>>> print(open('start_37.txt').read())   # compact mmCIF, C-alpha atoms
# COMPACT_ATOMS: atom_id res chain seq x y z
CA MET A 1 12.90 -6.92 -14.59
CA GLY A 2 13.57 -3.47 -13.27
CA THR A 3 17.31 -3.27 -13.37
CA GLU A 4 17.77 -3.04 -17.14
CA ILE A 5 15.17 -0.37 -17.84
CA SER A 6 16.71 2.84 -19.20
CA SER A 7 16.50 6.00 -17.14
CA ALA A 8 14.63 7.72 -19.99
CA VAL A 9 11.81 5.17 -19.68
CA ILE A 10 11.74 5.50 -15.90
CA ARG A 11 11.58 9.25 -16.40
CA ARG A 12 8.42 8.88 -18.48
CA LEU A 13 6.58 6.29 -16.33
CA PRO A 14 5.28 8.76 -13.71
CA ARG A 15 3.91 10.90 -16.54
CA TYR A 16 2.03 7.91 -17.97
CA TYR A 17 0.73 7.26 -14.50
CA ARG A 18 -0.41 10.85 -14.07
CA TYR A 19 -2.14 10.94 -17.49
CA LEU A 20 -3.85 7.60 -16.93
CA GLY A 21 -5.07 8.85 -13.54
CA GLU A 22 -6.58 11.89 -15.26
CA LEU A 23 -8.26 9.66 -17.85
CA MET A 24 -9.73 7.51 -15.08
CA ALA A 25 -11.03 10.65 -13.35
CA HIS A 26 -12.81 11.40 -16.65
CA ASP A 27 -14.26 7.86 -16.78
CA VAL A 28 -12.22 6.84 -19.83
CA VAL A 29 -12.13 3.02 -19.88
CA ARG A 30 -9.96 2.31 -22.91
CA ILE A 31 -7.41 4.30 -24.91
CA SER A 32 -5.31 3.62 -28.02
CA SER A 33 -1.58 4.33 -27.99
CA LYS A 34 -2.36 6.94 -30.68
CA GLU A 35 -4.78 8.87 -28.46
CA LEU A 36 -2.51 8.55 -25.43
CA SER A 37 0.41 9.79 -27.53
CA GLU A 38 -1.53 12.84 -28.73
CA ARG A 39 -2.41 13.79 -25.17
CA MET A 40 1.11 13.28 -23.90
CA GLY A 41 3.02 14.75 -26.82
CA VAL A 42 5.15 11.65 -27.45
CA THR A 43 4.91 9.29 -30.43
CA ALA A 44 2.64 6.22 -30.32
CA SER A 45 5.60 3.99 -31.11
CA GLN A 46 7.47 5.49 -28.16
CA ILE A 47 4.60 4.56 -25.86
CA ARG A 48 4.43 1.02 -27.24
CA GLN A 49 8.21 0.65 -26.88
CA ASP A 50 8.19 2.01 -23.32
CA LEU A 51 5.40 -0.27 -22.19
CA ASN A 52 6.96 -3.28 -23.93
CA ASN A 53 9.77 -2.98 -21.40
CA PHE A 54 7.27 -4.21 -18.85
CA GLY A 55 5.59 -6.84 -20.96
CA GLY A 56 3.24 -4.78 -23.09
CA PHE A 57 -0.22 -4.39 -21.49
CA GLY A 58 -1.92 -3.64 -24.84
CA GLN A 59 -3.55 -5.72 -27.52
CA GLN A 60 -2.95 -4.84 -31.16
CA GLY A 61 -5.88 -2.80 -32.49
CA TYR A 62 -7.65 -2.87 -29.16
CA GLY A 63 -5.76 -0.28 -27.14
CA TYR A 64 -5.08 -0.18 -23.43
CA ASN A 65 -7.46 -0.73 -20.54
CA VAL A 66 -6.90 2.53 -18.64
CA GLU A 67 -7.49 1.25 -15.12
CA TYR A 68 -5.44 -1.91 -15.67
CA LEU A 69 -2.53 0.04 -17.13
CA TYR A 70 -2.74 2.61 -14.32
CA THR A 71 -2.66 -0.13 -11.69
CA GLU A 72 0.20 -2.00 -13.35
CA ILE A 73 2.35 1.11 -13.80
CA GLY A 74 1.58 1.94 -10.17
CA LYS A 75 2.99 -1.46 -9.17
CA ILE A 76 6.10 -0.95 -11.30
CA LEU A 77 6.59 2.40 -9.55
CA GLY A 78 6.15 0.71 -6.18
CA LEU A 79 3.04 2.79 -5.45
CA ASP A 80 1.05 -0.25 -4.32
CA ARG A 81 2.85 0.02 -0.99
CA LYS A 82 2.62 3.10 1.26
CA LYS A 83 5.95 4.84 1.87
CA GLU A 84 6.78 6.65 5.08
CA MET A 85 9.11 9.63 4.83
CA ILE A 86 11.03 12.08 6.93
CA VAL A 87 12.20 15.51 5.79
CA ILE A 88 15.57 16.84 6.92
CA GLY A 89 15.37 20.63 7.15
CA ALA A 90 12.24 22.54 8.16
CA GLY A 91 13.04 25.67 6.19
CA ASN A 92 10.80 26.93 3.39
CA LEU A 93 11.51 23.97 1.15
CA GLY A 94 11.00 21.38 3.89
CA ARG A 95 7.77 23.11 4.90
CA ALA A 96 6.65 23.23 1.27
CA LEU A 97 7.08 19.44 1.08
CA ALA A 98 5.20 18.98 4.38
CA ASN A 99 2.31 21.02 3.00
CA TYR A 100 2.19 19.37 -0.43
CA SER A 101 -1.08 17.44 -0.58
CA ASP A 102 -0.21 15.50 -3.74
CA PHE A 103 2.27 13.19 -1.97
CA GLU A 104 -0.13 11.60 0.48
CA ARG A 105 -2.62 11.00 -2.33
CA ARG A 106 0.11 8.91 -4.03
CA GLY A 107 0.91 6.99 -0.85
CA PHE A 108 3.90 9.03 0.38
CA VAL A 109 3.35 10.03 3.99
CA ILE A 110 5.65 12.48 5.77
CA LYS A 111 5.94 11.45 9.43
CA ALA A 112 8.42 14.00 10.81
CA LEU A 113 10.64 16.94 9.94
CA PHE A 114 14.06 17.48 11.50
CA ASP A 115 15.90 20.76 12.00
CA ILE A 116 18.78 22.23 13.98
CA SER A 117 16.98 25.50 14.76
CA SER A 118 15.59 25.71 18.29
CA ASN A 119 12.99 28.13 16.91
CA LEU A 120 11.51 25.34 14.83
CA VAL A 121 12.04 22.22 16.95
CA GLY A 122 8.89 21.39 18.93
CA LYS A 123 6.61 23.13 16.43
CA SER A 124 4.62 21.37 13.75
CA VAL A 125 3.95 21.92 10.06
CA ASN A 126 0.66 20.73 8.63
CA GLY A 127 0.31 18.59 11.75
CA ILE A 128 3.76 17.01 11.26
CA PRO A 129 6.16 17.43 14.20
CA VAL A 130 9.53 19.19 13.82
CA LEU A 131 12.13 17.27 15.83
CA SER A 132 15.74 17.97 16.69
CA MET A 133 18.36 16.65 14.24
CA GLU A 134 19.98 14.81 17.15
CA LYS A 135 16.90 12.63 17.39
CA ILE A 136 17.33 11.15 13.90
CA PRO A 137 19.10 7.86 14.87
CA THR A 138 16.66 7.10 17.69
CA TYR A 139 13.69 8.04 15.54
CA LEU A 140 14.82 5.74 12.75
CA LYS A 141 15.30 2.89 15.20
CA GLU A 142 11.76 3.27 16.52
CA ASN A 143 9.99 3.98 13.21
CA LYS A 144 10.09 2.21 9.87
CA ILE A 145 10.96 4.99 7.45
CA ASP A 146 11.42 4.31 3.73
CA ILE A 147 12.61 7.65 2.39
CA ALA A 148 14.50 10.67 3.72
CA ALA A 149 14.23 13.99 1.87
CA ILE A 150 17.22 16.31 2.32
CA THR A 151 16.44 20.03 2.08
CA ILE A 152 19.43 21.47 3.97
CA PRO A 153 22.35 23.49 2.53
CA LYS A 154 24.84 21.57 0.42
CA GLU A 155 27.69 22.00 2.93
CA ALA A 156 25.80 19.98 5.55
CA ALA A 157 24.16 17.48 3.17
CA PRO A 158 26.94 14.86 2.72
CA GLN A 159 27.43 14.28 6.47
CA VAL A 160 23.69 14.14 7.15
CA ALA A 161 23.24 11.72 4.25
CA ALA A 162 26.01 9.50 5.63
CA ASP A 163 24.35 9.54 9.07
CA LEU A 164 20.98 8.66 7.55
CA VAL A 165 22.50 5.71 5.69
CA LYS A 166 24.23 4.55 8.86
CA ALA A 167 20.85 4.70 10.62
CA GLY A 168 19.36 2.43 7.96
CA ILE A 169 17.81 4.72 5.32
CA LYS A 170 17.74 3.05 1.87
CA ALA A 171 16.35 5.91 -0.26
CA ILE A 172 17.34 9.57 -0.31
CA TRP A 173 15.46 12.35 -2.08
CA ASN A 174 18.08 15.04 -2.35
CA PHE A 175 17.32 18.74 -2.86
CA ALA A 176 20.80 19.98 -1.90
CA PRO A 177 22.69 21.22 -4.99
CA THR A 178 25.34 18.52 -4.81
CA ASP A 179 25.59 14.83 -5.79
CA LEU A 180 25.79 12.64 -2.72
CA SER A 181 28.23 9.71 -2.65
CA LEU A 182 26.20 6.86 -1.25
CA PRO A 183 26.70 3.10 -1.04
CA ASP A 184 25.31 1.09 -3.97
CA TYR A 185 22.45 -0.34 -1.93
CA VAL A 186 21.07 3.16 -1.26
CA VAL A 187 19.00 4.71 -4.06
CA GLN A 188 18.83 8.44 -4.62
CA GLU A 189 16.88 10.87 -6.71
CA ASN A 190 18.03 14.45 -7.03
CA VAL A 191 15.98 17.59 -7.50
CA HIS A 192 18.61 20.10 -8.59
CA LEU A 193 16.66 23.34 -8.93
CA THR A 194 19.49 25.39 -10.38
CA GLU A 195 20.08 22.75 -13.06
CA SER A 196 16.41 22.80 -13.97
CA LEU A 197 16.59 26.58 -14.28
CA MET A 198 19.70 26.27 -16.46
CA ARG A 199 17.83 23.91 -18.80
CA LEU A 200 15.09 26.51 -19.08
CA SER A 201 17.73 29.13 -19.80
CA TYR A 202 19.17 26.86 -22.51
CA LYS A 203 15.75 26.47 -24.15
CA LEU A 204 15.16 30.21 -23.98
CA ARG A 205 18.50 30.97 -25.62
CA ALA A 206 17.93 28.26 -28.27
CA SER A 207 14.47 29.68 -29.06
CA GLU A 208 15.89 33.20 -29.39
CA ASP A 209 18.49 31.90 -31.86
CA LYS A 210 15.82 30.68 -34.26
CA MET B 1 22.92 24.82 -33.38
CA GLY B 2 20.77 24.29 -30.37
CA THR B 3 17.57 23.00 -31.88
CA GLU B 4 18.77 19.48 -32.73
CA ILE B 5 20.45 18.66 -29.42
CA SER B 6 18.75 15.78 -27.62
CA SER B 7 17.04 16.42 -24.32
CA ALA B 8 19.34 13.86 -22.65
CA VAL B 9 22.37 15.99 -23.55
CA ILE B 10 20.66 19.17 -22.38
CA ARG B 11 19.83 17.34 -19.16
CA ARG B 12 23.54 16.65 -18.56
CA LEU B 13 24.95 20.07 -19.53
CA PRO B 14 24.13 21.81 -16.21
CA ARG B 15 25.86 18.95 -14.41
CA TYR B 16 29.00 19.43 -16.50
CA TYR B 17 28.78 23.12 -15.70
CA ARG B 18 28.45 22.45 -11.96
CA TYR B 19 31.36 19.99 -11.92
CA LEU B 20 33.60 22.29 -13.93
CA GLY B 21 32.74 25.13 -11.55
CA GLU B 22 33.83 22.95 -8.62
CA LEU B 23 37.07 22.06 -10.42
CA MET B 24 37.77 25.76 -11.00
CA ALA B 25 37.13 26.44 -7.31
CA HIS B 26 39.85 23.86 -6.62
CA ASP B 27 42.22 25.55 -9.10
CA VAL B 28 42.15 22.66 -11.57
CA VAL B 29 43.27 24.06 -14.94
CA ARG B 30 43.00 21.04 -17.20
CA ILE B 31 41.13 17.73 -17.06
CA SER B 32 40.92 14.65 -19.27
CA SER B 33 37.55 13.24 -20.29
CA LYS B 34 38.58 10.14 -18.31
CA GLU B 35 39.06 12.08 -15.06
CA LEU B 36 35.90 14.12 -15.64
CA SER B 37 33.99 10.91 -16.32
CA GLU B 38 35.20 9.31 -13.08
CA ARG B 39 34.10 12.30 -11.07
CA MET B 40 30.71 12.52 -12.77
CA GLY B 41 29.96 8.83 -13.00
CA VAL B 42 29.38 8.79 -16.77
CA THR B 43 31.62 7.20 -19.39
CA ALA B 44 34.44 9.17 -21.02
CA SER B 45 32.99 8.44 -24.46
CA GLN B 46 29.65 9.84 -23.31
CA ILE B 47 31.34 13.08 -22.32
CA ARG B 48 33.19 13.32 -25.65
CA GLN B 49 29.96 12.59 -27.54
CA ASP B 50 27.99 15.16 -25.53
CA LEU B 51 30.55 17.90 -26.04
CA ASN B 52 30.95 17.06 -29.73
CA ASN B 53 27.37 18.27 -30.13
CA PHE B 54 28.74 21.73 -29.53
CA GLY B 55 31.90 21.43 -31.57
CA GLY B 56 34.19 19.52 -29.22
CA PHE B 57 36.27 21.85 -26.98
CA GLY B 58 38.91 19.17 -26.36
CA GLN B 59 42.12 18.14 -28.05
CA GLN B 60 42.94 14.45 -28.39
CA GLY B 61 45.34 13.41 -25.63
CA TYR B 62 45.40 16.89 -24.16
CA GLY B 63 42.13 17.07 -22.26
CA TYR B 64 39.90 20.03 -21.62
CA ASN B 65 40.81 23.48 -20.39
CA VAL B 66 38.48 23.70 -17.39
CA GLU B 67 37.84 27.44 -17.44
CA TYR B 68 37.34 27.57 -21.20
CA LEU B 69 34.92 24.62 -21.14
CA TYR B 70 33.07 26.15 -18.17
CA THR B 71 32.71 29.47 -19.98
CA GLU B 72 31.61 27.87 -23.23
CA ILE B 73 29.02 25.60 -21.60
CA GLY B 74 27.82 28.67 -19.71
CA LYS B 75 27.26 30.41 -23.04
CA ILE B 76 25.40 27.40 -24.45
CA LEU B 77 23.18 27.48 -21.37
CA GLY B 78 22.60 31.18 -21.86
CA LEU B 79 24.25 32.00 -18.53
CA ASP B 80 26.38 34.76 -20.04
CA ARG B 81 23.33 37.02 -19.81
CA LYS B 82 21.59 37.86 -16.54
CA LYS B 83 17.96 36.68 -16.35
CA GLU B 84 15.29 38.50 -14.40
CA MET B 85 12.52 36.42 -12.90
CA ILE B 86 9.21 36.70 -11.13
CA VAL B 87 7.66 34.02 -8.93
CA ILE B 88 3.90 33.44 -8.97
CA GLY B 89 2.81 32.25 -5.54
CA ALA B 90 4.41 33.38 -2.27
CA GLY B 91 3.62 30.17 -0.35
CA ASN B 92 6.36 27.96 1.08
CA LEU B 93 7.66 26.94 -2.32
CA GLY B 94 7.69 30.49 -3.72
CA ARG B 95 9.45 31.70 -0.57
CA ALA B 96 11.94 28.83 -0.81
CA LEU B 97 12.83 30.01 -4.33
CA ALA B 98 13.11 33.63 -3.14
CA ASN B 99 15.53 32.52 -0.41
CA TYR B 100 17.64 30.23 -2.59
CA SER B 101 21.05 31.85 -2.87
CA ASP B 102 22.32 29.60 -5.66
CA PHE B 103 20.17 31.24 -8.35
CA GLU B 104 21.60 34.75 -8.11
CA ARG B 105 25.13 33.31 -8.20
CA ARG B 106 24.23 31.78 -11.60
CA GLY B 107 22.73 35.04 -12.88
CA PHE B 108 19.05 34.39 -12.14
CA VAL B 109 17.61 37.32 -10.21
CA ILE B 110 14.13 37.19 -8.68
CA LYS B 111 12.61 40.67 -8.85
CA ALA B 112 9.12 40.14 -7.41
CA LEU B 113 6.72 37.55 -6.04
CA PHE B 114 2.98 37.65 -6.72
CA ASP B 115 0.21 36.25 -4.56
CA ILE B 116 -3.55 36.52 -4.09
CA SER B 117 -3.39 36.49 -0.29
CA SER B 118 -3.83 39.90 1.31
CA ASN B 119 -1.79 38.58 4.26
CA LEU B 120 1.25 38.31 2.00
CA VAL B 121 0.83 41.20 -0.45
CA GLY B 122 2.86 44.20 0.67
CA LYS B 123 5.36 42.09 2.60
CA SER B 124 8.76 41.04 1.32
CA VAL B 125 10.77 37.81 1.26
CA ASN B 126 14.55 38.04 1.34
CA GLY B 127 14.14 41.70 0.34
CA ILE B 128 11.93 40.82 -2.65
CA PRO B 129 8.48 42.46 -2.66
CA VAL B 130 5.27 40.40 -2.71
CA LEU B 131 2.79 42.09 -5.04
CA SER B 132 -0.85 41.45 -5.83
CA MET B 133 -1.56 39.02 -8.69
CA GLU B 134 -3.65 41.76 -10.33
CA LYS B 135 -0.48 43.78 -10.83
CA ILE B 136 1.15 41.17 -13.11
CA PRO B 137 0.25 42.72 -16.50
CA THR B 138 1.29 46.24 -15.46
CA TYR B 139 4.46 44.93 -13.84
CA LEU B 140 5.45 43.03 -16.97
CA LYS B 141 4.84 46.12 -19.09
CA GLU B 142 7.13 48.21 -16.91
CA ASN B 143 9.87 45.61 -16.26
CA LYS B 144 11.78 43.37 -18.60
CA ILE B 145 11.26 39.90 -17.12
CA ASP B 146 12.70 36.78 -18.77
CA ILE B 147 11.25 33.96 -16.70
CA ALA B 148 8.13 33.37 -14.60
CA ALA B 149 8.13 30.57 -12.03
CA ILE B 150 4.70 29.14 -11.22
CA THR B 151 4.30 27.75 -7.70
CA ILE B 152 0.51 27.90 -7.33
CA PRO B 153 -1.95 24.95 -7.18
CA LYS B 154 -2.53 23.10 -10.44
CA GLU B 155 -6.15 24.23 -10.73
CA ALA B 156 -5.07 27.88 -11.06
CA ALA B 157 -1.88 27.30 -13.04
CA PRO B 158 -3.21 27.04 -16.65
CA GLN B 159 -5.08 30.38 -16.49
CA VAL B 160 -2.20 32.19 -14.83
CA ALA B 161 0.22 30.74 -17.40
CA ALA B 162 -2.04 31.93 -20.23
CA ASP B 163 -2.16 35.42 -18.67
CA LEU B 164 1.62 35.47 -18.31
CA VAL B 165 2.07 34.53 -21.96
CA LYS B 166 -0.42 37.20 -23.01
CA ALA B 167 1.61 39.71 -21.00
CA GLY B 168 4.76 38.72 -22.91
CA ILE B 169 6.49 36.04 -20.85
CA LYS B 170 8.58 33.69 -23.06
CA ALA B 171 9.80 31.19 -20.46
CA ILE B 172 7.85 29.41 -17.73
CA TRP B 173 9.34 27.39 -14.90
CA ASN B 174 6.42 25.30 -13.76
CA PHE B 175 6.13 23.66 -10.34
CA ALA B 176 2.39 22.95 -10.56
CA PRO B 177 1.76 19.21 -11.03
CA THR B 178 0.29 19.58 -14.51
CA ASP B 179 1.65 20.08 -18.02
CA LEU B 180 0.82 23.54 -19.31
CA SER B 181 -0.35 23.98 -22.90
CA LEU B 182 1.64 26.91 -24.16
CA PRO B 183 2.29 28.40 -27.61
CA ASP B 184 5.36 27.05 -29.44
CA TYR B 185 7.32 30.26 -28.94
CA VAL B 186 7.11 29.91 -25.15
CA VAL B 187 9.60 27.53 -23.54
CA GLN B 188 8.83 25.65 -20.36
CA GLU B 189 10.63 23.49 -17.86
CA ASN B 190 8.69 21.47 -15.34
CA VAL B 191 9.65 20.49 -11.81
CA HIS B 192 7.15 17.76 -11.03
CA LEU B 193 7.93 16.82 -7.44
CA THR B 194 5.54 13.88 -7.22
CA GLU B 195 7.03 12.39 -10.40
CA SER B 196 10.52 12.71 -8.95
CA LEU B 197 9.34 10.94 -5.81
CA MET B 198 7.77 8.19 -7.94
CA ARG B 199 11.09 7.65 -9.71
CA LEU B 200 12.74 7.26 -6.32
CA SER B 201 10.01 4.80 -5.36
CA TYR B 202 10.68 2.87 -8.59
CA LYS B 203 14.40 2.67 -7.80
CA LEU B 204 13.66 1.55 -4.24
CA ARG B 205 11.33 -1.20 -5.45
CA ALA B 206 13.81 -2.28 -8.15
CA SER B 207 16.64 -2.44 -5.58
CA GLU B 208 14.49 -4.52 -3.22
CA ASP B 209 13.78 -6.97 -6.07
CA LYS B 210 17.46 -7.70 -6.52
>>> encode(input="start_37.txt", output="structure tokens")
Amino acid sequence: MGTEISSAVIRRLPRYYRYLGELMAHDVVRISSKELSERMGVTASQIRQDLNNFGGFGQQGYGYNVEYLYTEIGKILGLDRKKEMIVIGAGNLGRALANYSDFERRGFVIKALFDISSNLVGKSVNGIPVLSMEKIPTYLKENKIDIAAITIPKEAAPQVAADLVKAGIKAIWNFAPTDLSLPDYVVQENVHLTESLMRLSYKLRASEDK
Amino acid sequence: MGTEISSAVIRRLPRYYRYLGELMAHDVVRISSKELSERMGVTASQIRQDLNNFGGFGQQGYGYNVEYLYTEIGKILGLDRKKEMIVIGAGNLGRALANYSDFERRGFVIKALFDISSNLVGKSVNGIPVLSMEKIPTYLKENKIDIAAITIPKEAAPQVAADLVKAGIKAIWNFAPTDLSLPDYVVQENVHLTESLMRLSYKLRASEDK
């Protein structure tokens, strides 16, 4: 399980998780794939197909138990275990991540930021210390960190990523507008803001063509 | 054209555009789908299939003219026309967007930020003025704005999005961790940071299972 799931399914899982969390907050106990599909704007058969990748979870004609499905998808997403993170770069983007309350609620805890600027090192953001970039290897030796977020310019990102991997990091969340070449045993997820904006531009142009 | 293209293809187009731009910067004039596929980490047949959606661009056995393909993909993405943007929210994330130099290089120009905080209104970020949220309708009447980015908390986002649409905005770039219900004629692109982090968590868990 896990390795053969398509990236399109993985892309949708966090959305299922978010919707199911909202349903739980509204005390919904059970939901049919039809209702869930109407809320999420995907087809019911899509939902059934997606969830079948992980063994189903539903009973024909009976729908899904919201809390059970939420918990199980959480496990698939690895959210049953707290993740400790560091953020490389304490600029606006790094600080935005440090201030983002949604992460901790989902079990992602930012332990430290790192920056080269002496104006920032020694300060803290939302109670999280900003340390010198030079401290990264020592810090990673002394602390069990699961994920490193990279929010520095793309010129510096490949070297920093290589250093992080050498220091034992197994997961990189990359905001630099470049694709990092990493060993196979290191996972990465990219947030390419310009590409997202280009997709919006595409949709805008396509809608104007109609 | 445009309306029937799958979202997976649209997702890849900006990456093609970025890679082709890098090839141009290295004075590469022509490239085969095989070489392009090796650089991008997708199959050559995937690239041919993707580009066939837009009429091909390549000649069998001859490869792609890099600059021509770059220009044509740029047109498909609507990048041949400059886009003017506003950013709602001048917190860390809004300021990160205002400071992000990559956007302007691609023709996306941020003209103003809007915030409710009197500490921020009247200031400027990277030379871009921060205006009061109340000014949005007047501002949109007096300025032709293509895109509004929303970087405010999710509780406030739906109402602000509705107000933006009422004031004539046709494209919303949403960073609030919620899906906005918008009329069909308004396009949206979401950057859901927590979902991206969950996908990374999924990959990490799946790699640990191996």
>>> interface_residues(input="start_37.txt", of="chain B", to="chain A", cutoff="6 Å", atoms="all atoms listed in the file", output="mmCIF file with C-alpha atoms, in the frame of the given file")
data_model
loop_
_atom_site.group_PDB
_atom_site.id
_atom_site.type_symbol
_atom_site.label_atom_id
_atom_site.label_comp_id
_atom_site.auth_asym_id
_atom_site.auth_seq_id
_atom_site.Cartn_x
_atom_site.Cartn_y
_atom_site.Cartn_z
ATOM 1 C CA GLY B 2 20.770 24.290 -30.370
ATOM 2 C CA PRO B 14 24.130 21.810 -16.210
ATOM 3 C CA LEU B 77 23.180 27.480 -21.370
ATOM 4 C CA GLY B 78 22.600 31.180 -21.860
ATOM 5 C CA ASN B 92 6.360 27.960 1.080
ATOM 6 C CA LEU B 93 7.660 26.940 -2.320
ATOM 7 C CA ALA B 96 11.940 28.830 -0.810
ATOM 8 C CA GLU B 189 10.630 23.490 -17.860
ATOM 9 C CA GLU B 195 7.030 12.390 -10.400
ATOM 10 C CA LEU B 200 12.740 7.260 -6.320
ATOM 11 C CA SER B 201 10.010 4.800 -5.360
ATOM 12 C CA TYR B 202 10.680 2.870 -8.590
ATOM 13 C CA ARG B 205 11.330 -1.200 -5.450
ATOM 14 C CA ALA B 206 13.810 -2.280 -8.150
#
>>> atom_distance(input="start_37.txt", atom1="CA of Arg30 in chain B", atom2="CA of Asn53 in chain B")
20.5 Å
>>> atom_distance(input="start_37.txt", atom1="CA of Glu142 in chain A", atom2="CA of Ala112 in chain A")
12.6 Å
>>> atom_distance(input="start_37.txt", atom1="CA of Val109 in chain B", atom2="CA of Ala162 in chain B")
22.7 Å
>>> residues_around(input="start_37.txt", residues="Ser118 in chain B", least_positions_apart="3", cutoff="12 Å", atoms="all atoms listed in the file", output="list in words")
Ala90, Phe114, Asp115, Val121, Gly122, Lys123, Val130, Leu131, Ser132, Met133 and Glu134 of chain B
>>> residues_around(input="start_37.txt", residues="Ser37 in chain A", least_positions_apart="2", cutoff="12 Å", atoms="all atoms listed in the file", output="NGL selection string")
:A and (15-16 or 19-20 or 31-35 or 39-48 or 50 or 63)
>>> axis_aligned_box(input="start_37.txt", around="range 155-168 of chain A", padding_each_side="4 Å", output="JSON")
{"center_x": 23.5, "center_y": 12.2, "center_z": 6.7, "size_x": 16.3, "size_y": 27.6, "size_z": 15.9}
>>> residues_around(input="start_37.txt", residues="Thr151 in chain A", least_positions_apart="2", cutoff="6 Å", atoms="only C-alpha atoms", output="PyMOL selection string")
chain A and resi 88-89+94+175-176
>>> residues_near_point(input="start_37.txt", point="(4.9, 17.4, 10.0)", cutoff="6 Å", atoms="all atoms listed in the file", output="ChimeraX atom specification")
/A:98,112-113,124-129
>>> residues_near_point(input="start_37.txt", point="(-3.9, 40.8, -22.0)", cutoff="12 Å", atoms="all atoms listed in the file", output="PyMOL selection string")
chain B and resi 134+136-138+140-141+159-169
>>> build_atoms(input="start_37.txt", residues="range 191-203 of chain B", atoms="N, CA and C atoms", output="PDB file, keeping the file's coordinate frame")
ATOM      1  N   VAL B 191       9.132  21.189 -12.981  1.00  0.00           N
ATOM      2  CA  VAL B 191       9.650  20.490 -11.810  1.00  0.00           C
ATOM      3  C   VAL B 191       8.450  19.792 -11.173  1.00  0.00           C
ATOM      4  N   HIS B 192       8.282  18.524 -11.546  1.00  0.00           N
ATOM      5  CA  HIS B 192       7.150  17.760 -11.030  1.00  0.00           C
ATOM      6  C   HIS B 192       7.621  16.945  -9.840  1.00  0.00           C
ATOM      7  N   LEU B 193       7.377  17.457  -8.645  1.00  0.00           N
ATOM      8  CA  LEU B 193       7.930  16.820  -7.440  1.00  0.00           C
ATOM      9  C   LEU B 193       7.395  15.413  -7.223  1.00  0.00           C
ATOM     10  N   THR B 194       6.101  15.223  -7.446  1.00  0.00           N
ATOM     11  CA  THR B 194       5.540  13.880  -7.220  1.00  0.00           C
ATOM     12  C   THR B 194       6.169  12.873  -8.185  1.00  0.00           C
ATOM     13  N   GLU B 195       6.424  13.305  -9.431  1.00  0.00           N
ATOM     14  CA  GLU B 195       7.030  12.390 -10.400  1.00  0.00           C
ATOM     15  C   GLU B 195       8.458  12.022  -9.972  1.00  0.00           C
ATOM     16  N   SER B 196       9.176  12.984  -9.435  1.00  0.00           N
ATOM     17  CA  SER B 196      10.520  12.710  -8.950  1.00  0.00           C
ATOM     18  C   SER B 196      10.473  11.684  -7.814  1.00  0.00           C
ATOM     19  N   LEU B 197       9.509  11.873  -6.929  1.00  0.00           N
ATOM     20  CA  LEU B 197       9.340  10.940  -5.810  1.00  0.00           C
ATOM     21  C   LEU B 197       8.941   9.547  -6.304  1.00  0.00           C
ATOM     22  N   MET B 198       8.140   9.490  -7.355  1.00  0.00           N
ATOM     23  CA  MET B 198       7.770   8.190  -7.940  1.00  0.00           C
ATOM     24  C   MET B 198       8.976   7.497  -8.547  1.00  0.00           C
ATOM     25  N   ARG B 199       9.876   8.271  -9.146  1.00  0.00           N
ATOM     26  CA  ARG B 199      11.090   7.650  -9.710  1.00  0.00           C
ATOM     27  C   ARG B 199      11.947   7.060  -8.592  1.00  0.00           C
ATOM     28  N   LEU B 200      11.996   7.785  -7.475  1.00  0.00           N
ATOM     29  CA  LEU B 200      12.740   7.260  -6.320  1.00  0.00           C
ATOM     30  C   LEU B 200      12.077   5.973  -5.828  1.00  0.00           C
ATOM     31  N   SER B 201      10.755   5.974  -5.779  1.00  0.00           N
ATOM     32  CA  SER B 201      10.010   4.800  -5.360  1.00  0.00           C
ATOM     33  C   SER B 201      10.288   3.623  -6.298  1.00  0.00           C
ATOM     34  N   TYR B 202      10.343   3.913  -7.595  1.00  0.00           N
ATOM     35  CA  TYR B 202      10.680   2.870  -8.590  1.00  0.00           C
ATOM     36  C   TYR B 202      12.050   2.268  -8.279  1.00  0.00           C
ATOM     37  N   LYS B 203      13.036   3.150  -8.066  1.00  0.00           N
ATOM     38  CA  LYS B 203      14.400   2.670  -7.800  1.00  0.00           C
ATOM     39  C   LYS B 203      14.442   1.831  -6.534  1.00  0.00           C
TER      40      LYS B 203
END
